[in-house]
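For reference, the structure discussed in these notes is given below.
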There are 2 protein chains.
Amino acid sequence: MNDKTSLITLADVAKTAGVGESTVSRVLRNHGSFSDKTRTRVMAAVEALGYVPNRIAGTLASTGSPLVAIIVPSLSNIVFSDVLSGITRTLEAGQRQAVFAVTDYDAEREEALVAAVLAWRPAAVMLVGLEHSAGTRRMLGVAGCRVIELLDVDGTPMDIAVGFSHRAAGRATADAMIAGGYRRVAYVGHDIRRDTRSAKRFNAFTQRLQEAGIPLHDHDIRPSPSSISEGKQGLANVLERSPDIDAVYFSNDDMALGGYFHCLAAGIAVPERLAIIGFNALDICRHTPQPIASIRTPRIEAGQRAAELFLADAPAQTLDLGFSLVEGKTIRRE
Amino acid sequence: MNDKTSLITLADVAKTAGVGESTVSRVLRNHGSFSDKTRTRVMAAVEALGYVPNRIAGTLASTGSPLVAIIVPSLSNIVFSDVLSGITRTLEAGQRQAVFAVTDYDAEREEALVAAVLAWRPAAVMLVGLEHSAGTRRMLGVAGCRVIELLDVDGTPMDIAVGFSHRAAGRATADAMIAGGYRRVAYVGHDIRRDTRSAKRFNAFTQRLQEAGIPLHDHDIRPSPSSISEGKQGLANVLERSPDIDAVYFSNDDMALGGYFHCLAAGIAVPERLAIIGFNALDICRHTPQPIASIRTPRIEAGQRAAELFLADAPAQTLDLGFSLVEGKTIRRE
DNA sequence: TTGTATGCGTTATCAT
DNA sequence: ATGATAACGCATACAA
């Protein structure tokens, strides 16, 4: 069952075409020189036999690798599907093949997965964030392949980093709140230990508020991954403890959506009674009855640019794509 | 730069351990027999050299392949991220490596991608749906690998199919509307030509209504992929043409969300004035002010079960995982 | 322009 | 229990 195609090799094609193996190889990769006559003959044989080149053998024999490893923390967050989209779309044009794995936000798992994909001798491995275990860094350091870290530029990349600054995003969010005249600001977040980027936003946010003389009034950090229900619950908790808050920063738009829905259900006027701002500018938040204020992040673009830099064999660098504040209707401007 | 690790091979390990290459291979794969003494010696050498086995070479030399190809239509729809999650999670335990590609709902592209992944001689290729081009079917037929078609069981699978019946889902939705006493029912859908599964739901839905003496009152089929804004627009269009409709079936929850938000914004009472039902039971629709009626589909489970069947080398079969109606608060029960 | 021969880093088959 | 050695299917000098 496993041999119908497996049995057809370059040698078979060469034989039925009446040429040498290397000639077939040249024709197929359009590399080197050969006559038009042999070319058509070879193609005819390929067609007749239904030959499909074995890239495993081809990769072993040649120097470079067409494989690109992609390791993401999760897929339930659309953010990572977006970068994945951007990467694969661009990679396809370069005839590269993506090998893929998910860490579930687990650093140990990430290390194991990096080891696993490295066994395939990829030309590059792309992963999310700049924080990785010592083992991961060591393996990647000696692997001799490109290393591309995505969605964060706050730190020192191993090779190439493509993304934006979460610290700057946190500050920008704080600035928006300060500009809006909010004084009793709370934060509702998720799982800060595993998602180091949300932690960076949170820290920069509170620090900026502090500098403006507005210490964070309250916060609720859920010990779970971000979700709508956790956002809902987090806001409910905060409101119970601190009914007088006038604005909330959510760790991302999933959380913010939960908070917004809570307000809708509880009849809390937004933004008059309570302002809401999230992070990522998800599509859905642009279509809620009131568009939710957020920070628009270039996710697909980050994937594309990363893949492009790799394909172009660009030098080590940090590429900051920036972000932009999306005002929405859940925060007053002033 | 590309040689630091590449230069360390099985032979190097064998040399520094003072044993033969095959012995190292046996120890590493824990296969065959060897003494404890040599075992520790080999592992020490592996550790010292930082040796990482080359799976490309290993795969070429051995009979089976640890590669599993996964081809999905899109990543912007969370549905496919979910199956992908289910698959990779299960595959990881089986030491398999996923290679990955996205078709963008394009049959031609799918065919090209199938050809591309087949060149890696995967042990299985997983793709979405039962409708594929003749070329795709032919290639897969002679590839000698397992073929697993996901998220649909309405048709004849090439090998294994894991999913649920979209026709049955369409009928169940119609039944819910009939039971609710709705008489002027409309449909708002997306891109029916590319998404054949939504077409199956739509057809079964209208047919069931017809059988109950309730011909579809109106419909609006957007020529684009599903999205919140298209759902919004579609409902607006229908309402303008047919202000007297009392219920709408949306092709999926993204579309339904758009419709629901339109109602919220326009002050249309749901479900008193207009009932809404979607498809997929996305998390977010469970947390809107009124949970949106929908059909819960086993997406992650489909991925898991598919991977499990593959790992267990199960015989060709169709596995119908079923679905369930989620009532929500956007449709009256009667 | 074309064919031959060698090697890529393993696994697997044999002996021993 | 262990070690040579022949595949695996292709790319790539090198020769012709």
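Each chain of the structure tokens is named A, B, ... in the order shown, its residues numbered from 1; ligands are numbered from 1 in display order.
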Identify every residue of chain B that has at least one atom within 6 Å of any atom of chain A, counting only C-alpha atoms, and report the result as a list in words.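 Close enough to count are Met1, Asn2, Lys4, Thr5, Pro53, Asn54, Arg55, Ile56, Leu75, Ser81, Ala98, Val99, Phe100, Ala119, Trp120, Val142, Ala143, Gly144, Phe261, Ala265, Thr288 and Pro289 of chain B.
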File dump, residues just selected, N, CA and C atoms, as a PDB file, in the first residue's frame:
```
ATOM      1  N   MET B   1      28.644  28.754   9.022  1.00  0.00           N
ATOM      2  CA  MET B   1      27.527  29.097   9.913  1.00  0.00           C
ATOM      3  C   MET B   1      26.530  27.952   9.980  1.00  0.00           C
ATOM      4  N   ASN B   2      26.394  27.255   8.873  1.00  0.00           N
ATOM      5  CA  ASN B   2      25.402  26.202   8.800  1.00  0.00           C
ATOM      6  C   ASN B   2      26.000  24.832   9.124  1.00  0.00           C
ATOM      7  N   LYS B   4      27.918  24.115  12.307  1.00  0.00           N
ATOM      8  CA  LYS B   4      28.221  23.845  13.706  1.00  0.00           C
ATOM      9  C   LYS B   4      27.591  22.519  14.156  1.00  0.00           C
ATOM     10  N   THR B   5      26.310  22.387  13.911  1.00  0.00           N
ATOM     11  CA  THR B   5      25.642  21.171  14.319  1.00  0.00           C
ATOM     12  C   THR B   5      25.669  20.136  13.209  1.00  0.00           C
ATOM     13  N   PRO B  53      20.036  14.013  16.292  1.00  0.00           N
ATOM     14  CA  PRO B  53      19.861  13.118  15.141  1.00  0.00           C
ATOM     15  C   PRO B  53      19.245  13.862  13.967  1.00  0.00           C
ATOM     16  N   ASN B  54      19.623  13.496  12.806  1.00  0.00           N
ATOM     17  CA  ASN B  54      19.074  14.098  11.595  1.00  0.00           C
ATOM     18  C   ASN B  54      17.906  13.258  11.096  1.00  0.00           C
ATOM     19  N   ARG B  55      16.698  13.807  11.314  1.00  0.00           N
ATOM     20  CA  ARG B  55      15.501  13.056  10.965  1.00  0.00           C
ATOM     21  C   ARG B  55      15.309  12.933   9.456  1.00  0.00           C
ATOM     22  N   ILE B  56      15.906  13.828   8.726  1.00  0.00           N
ATOM     23  CA  ILE B  56      15.801  13.756   7.274  1.00  0.00           C
ATOM     24  C   ILE B  56      16.481  12.468   6.811  1.00  0.00           C
ATOM     25  N   LEU B  75      -7.067  30.291   8.039  1.00  0.00           N
ATOM     26  CA  LEU B  75      -6.751  30.368   9.461  1.00  0.00           C
ATOM     27  C   LEU B  75      -7.503  31.508  10.115  1.00  0.00           C
ATOM     28  N   SER B  81      -8.403  26.631  13.171  1.00  0.00           N
ATOM     29  CA  SER B  81      -7.385  26.629  14.218  1.00  0.00           C
ATOM     30  C   SER B  81      -7.720  25.563  15.249  1.00  0.00           C
ATOM     31  N   ALA B  98       4.168  17.685  12.176  1.00  0.00           N
ATOM     32  CA  ALA B  98       3.171  18.213  11.253  1.00  0.00           C
ATOM     33  C   ALA B  98       3.802  19.151  10.235  1.00  0.00           C
ATOM     34  N   VAL B  99       3.485  18.936   8.969  1.00  0.00           N
ATOM     35  CA  VAL B  99       3.833  19.925   7.946  1.00  0.00           C
ATOM     36  C   VAL B  99       2.515  20.537   7.497  1.00  0.00           C
ATOM     37  N   PHE B 100       2.565  21.807   7.149  1.00  0.00           N
ATOM     38  CA  PHE B 100       1.340  22.585   7.179  1.00  0.00           C
ATOM     39  C   PHE B 100       1.192  23.515   5.983  1.00  0.00           C
ATOM     40  N   ALA B 119       5.423  15.419  -1.763  1.00  0.00           N
ATOM     41  CA  ALA B 119       6.854  15.284  -2.046  1.00  0.00           C
ATOM     42  C   ALA B 119       7.644  14.986  -0.780  1.00  0.00           C
ATOM     43  N   TRP B 120       7.027  15.243   0.362  1.00  0.00           N
ATOM     44  CA  TRP B 120       7.703  14.944   1.630  1.00  0.00           C
ATOM     45  C   TRP B 120       7.357  13.558   2.130  1.00  0.00           C
ATOM     46  N   VAL B 142      -2.956   7.450  -5.281  1.00  0.00           N
ATOM     47  CA  VAL B 142      -1.779   6.630  -5.571  1.00  0.00           C
ATOM     48  C   VAL B 142      -0.620   6.928  -4.631  1.00  0.00           C
ATOM     49  N   ALA B 143      -0.830   7.841  -3.707  1.00  0.00           N
ATOM     50  CA  ALA B 143       0.283   8.264  -2.852  1.00  0.00           C
ATOM     51  C   ALA B 143       0.682   7.181  -1.861  1.00  0.00           C
ATOM     52  N   GLY B 144      -0.257   6.293  -1.571  1.00  0.00           N
ATOM     53  CA  GLY B 144       0.078   5.236  -0.630  1.00  0.00           C
ATOM     54  C   GLY B 144       0.148   5.696   0.805  1.00  0.00           C
ATOM     55  N   PHE B 261     -25.256  42.084  16.319  1.00  0.00           N
ATOM     56  CA  PHE B 261     -24.803  43.447  16.631  1.00  0.00           C
ATOM     57  C   PHE B 261     -25.627  44.478  15.869  1.00  0.00           C
ATOM     58  N   ALA B 265     -27.623  47.468  17.699  1.00  0.00           N
ATOM     59  CA  ALA B 265     -27.412  48.867  17.329  1.00  0.00           C
ATOM     60  C   ALA B 265     -28.694  49.509  16.800  1.00  0.00           C
ATOM     61  N   THR B 288     -22.247  36.832  24.676  1.00  0.00           N
ATOM     62  CA  THR B 288     -22.914  38.071  24.289  1.00  0.00           C
ATOM     63  C   THR B 288     -24.071  38.293  25.263  1.00  0.00           C
ATOM     64  N   PRO B 289     -24.558  39.535  25.350  1.00  0.00           N
ATOM     65  CA  PRO B 289     -25.639  39.828  26.299  1.00  0.00           C
ATOM     66  C   PRO B 289     -26.732  38.764  26.250  1.00  0.00           C
TER      67      PRO B 289
END
```
Taking 4 positions as the minimum chain separation for residues in the same chain, which residues sit within 12 Å of DA16 in chain D when counting only C-alpha atoms (C1' of nucleotides)? Answer as a list of chain:residue names.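 What passes the distance filter is C:DT1, C:DT2, C:DG3, C:DT4.
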Using only C-alpha atoms (C1' of nucleotides), determine which residues lie at most 7 Å from Leu151 in chain A, disregarding the query and same-chain residues fewer than 5 positions distant; provide the list as a PyMOL selection string. chain A and resi 128-129+162-164+302
Residue contacts of DT5 in chain D (12 Å, only C-alpha atoms (C1' of nucleotides)) excluding same-chain residues fewer than 3 positions away, as a PyMOL selection string: (chain B and resi 20-22) or (chain C and resi 11-15)
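CA of Val188 in chain B to CA of Glu111 in chain B spans 29.9 Å [interatomic distance, one decimal].
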Please find the residues of chain D near chain B - the criterion being any atom within 12 Å, counting only C-alpha atoms (C1' of nucleotides) - and write them as a PyMOL selection string. chain D and resi 1-10
Skip Arg296 in chain B itself and residues of its chain fewer than 3 positions away, then list as a ChimeraX atom specification all residues within 9 Å of it, counting only C-alpha atoms (C1' of nucleotides). /B:279-282,299,323-326
Output of the above residues as a PDB file, in the first residue's frame, restricted to C-alpha atoms:
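Dumped to selection_12.pdb:
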```pdb
ATOM      1  CA  PHE B 279     -23.513  27.690  13.413  1.00  0.00           C
ATOM      2  CA  ASN B 280     -20.451  26.465  15.334  1.00  0.00           C
ATOM      3  CA  ALA B 281     -21.261  27.707  18.817  1.00  0.00           C
ATOM      4  CA  LEU B 282     -18.173  29.858  19.091  1.00  0.00           C
ATOM      5  CA  ARG B 299     -13.896  20.767  16.132  1.00  0.00           C
ATOM      6  CA  PHE B 323     -23.336  18.013  16.865  1.00  0.00           C
ATOM      7  CA  SER B 324     -25.789  19.548  19.265  1.00  0.00           C
ATOM      8  CA  LEU B 325     -28.213  22.418  19.237  1.00  0.00           C
ATOM      9  CA  VAL B 326     -27.378  25.212  21.643  1.00  0.00           C
TER      10      VAL B 326
END
```
So that I can check the secondary structure, give me every residue of range 45-170 of chain A assigned strand (DSSP E) by backbone DSSP, as a ChimeraX atom specification. /A:67-72,97-102,124-128,146-150,160-163
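Counting from CA of Ser242 in chain B, the distance to CA of Ile276 in chain B is 15.4 Å.
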Just list as a PyMOL selection string whatever in range 109-300 of chain B DSSP marks as helix (DSSP H, G or I). chain B and resi 109-118+134-142+166-179+196-211+228-241+253-266+283-286+299-300
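Across the structure, CA of Ala293 in chain A and CA of Arg273 in chain A are spaced 15.3 Å apart.
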As a ChimeraX atom specification, please: the residues near Thr16 in chain B (cut-off 10 Å, only C-alpha atoms (C1' of nucleotides), same-chain neighbours under 5 positions excluded). /B:11,41-42,44-46,48-49
For the selection just defined, write its residues with N, CA, C and O atoms to a file, as a short mmCIF file (atom, residue, chain, number, x, y, z; two decimals), in the first residue's frame.
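Printed below is part18.cif as written:
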```cif
data_model
loop_
_atom_site.label_atom_id
_atom_site.label_comp_id
_atom_site.auth_asym_id
_atom_site.auth_seq_id
_atom_site.Cartn_x
_atom_site.Cartn_y
_atom_site.Cartn_z
N ALA B 11 28.25 9.23 13.15
CA ALA B 11 29.62 8.70 13.08
C ALA B 11 30.51 9.35 14.15
O ALA B 11 31.32 8.67 14.79
N ARG B 41 27.74 4.99 27.83
CA ARG B 41 28.86 5.56 27.10
C ARG B 41 28.36 6.38 25.90
O ARG B 41 28.83 7.49 25.64
N VAL B 42 27.41 5.80 25.20
CA VAL B 42 26.85 6.48 24.04
C VAL B 42 26.16 7.79 24.45
O VAL B 42 26.38 8.85 23.86
N ALA B 44 26.65 9.58 26.97
CA ALA B 44 27.65 10.58 27.38
C ALA B 44 28.22 11.30 26.17
O ALA B 44 28.34 12.53 26.15
N ALA B 45 28.51 10.53 25.14
CA ALA B 45 29.07 11.12 23.92
C ALA B 45 28.04 12.06 23.28
O ALA B 45 28.37 13.17 22.83
N VAL B 46 26.80 11.61 23.25
CA VAL B 46 25.72 12.43 22.68
C VAL B 46 25.66 13.76 23.42
O VAL B 46 25.62 14.83 22.82
N ALA B 48 27.95 15.16 25.32
CA ALA B 48 29.18 15.94 25.17
C ALA B 48 29.22 16.69 23.84
O ALA B 48 29.65 17.84 23.77
N LEU B 49 28.78 16.02 22.81
CA LEU B 49 28.86 16.62 21.48
C LEU B 49 27.64 17.49 21.16
O LEU B 49 27.65 18.24 20.19
#
```
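Across A:Thr9, A:Gln304, A:Thr330, A:Thr318, the tightest approach to Gly259 in chain A is made by A:Thr330 when counting only C-alpha atoms.
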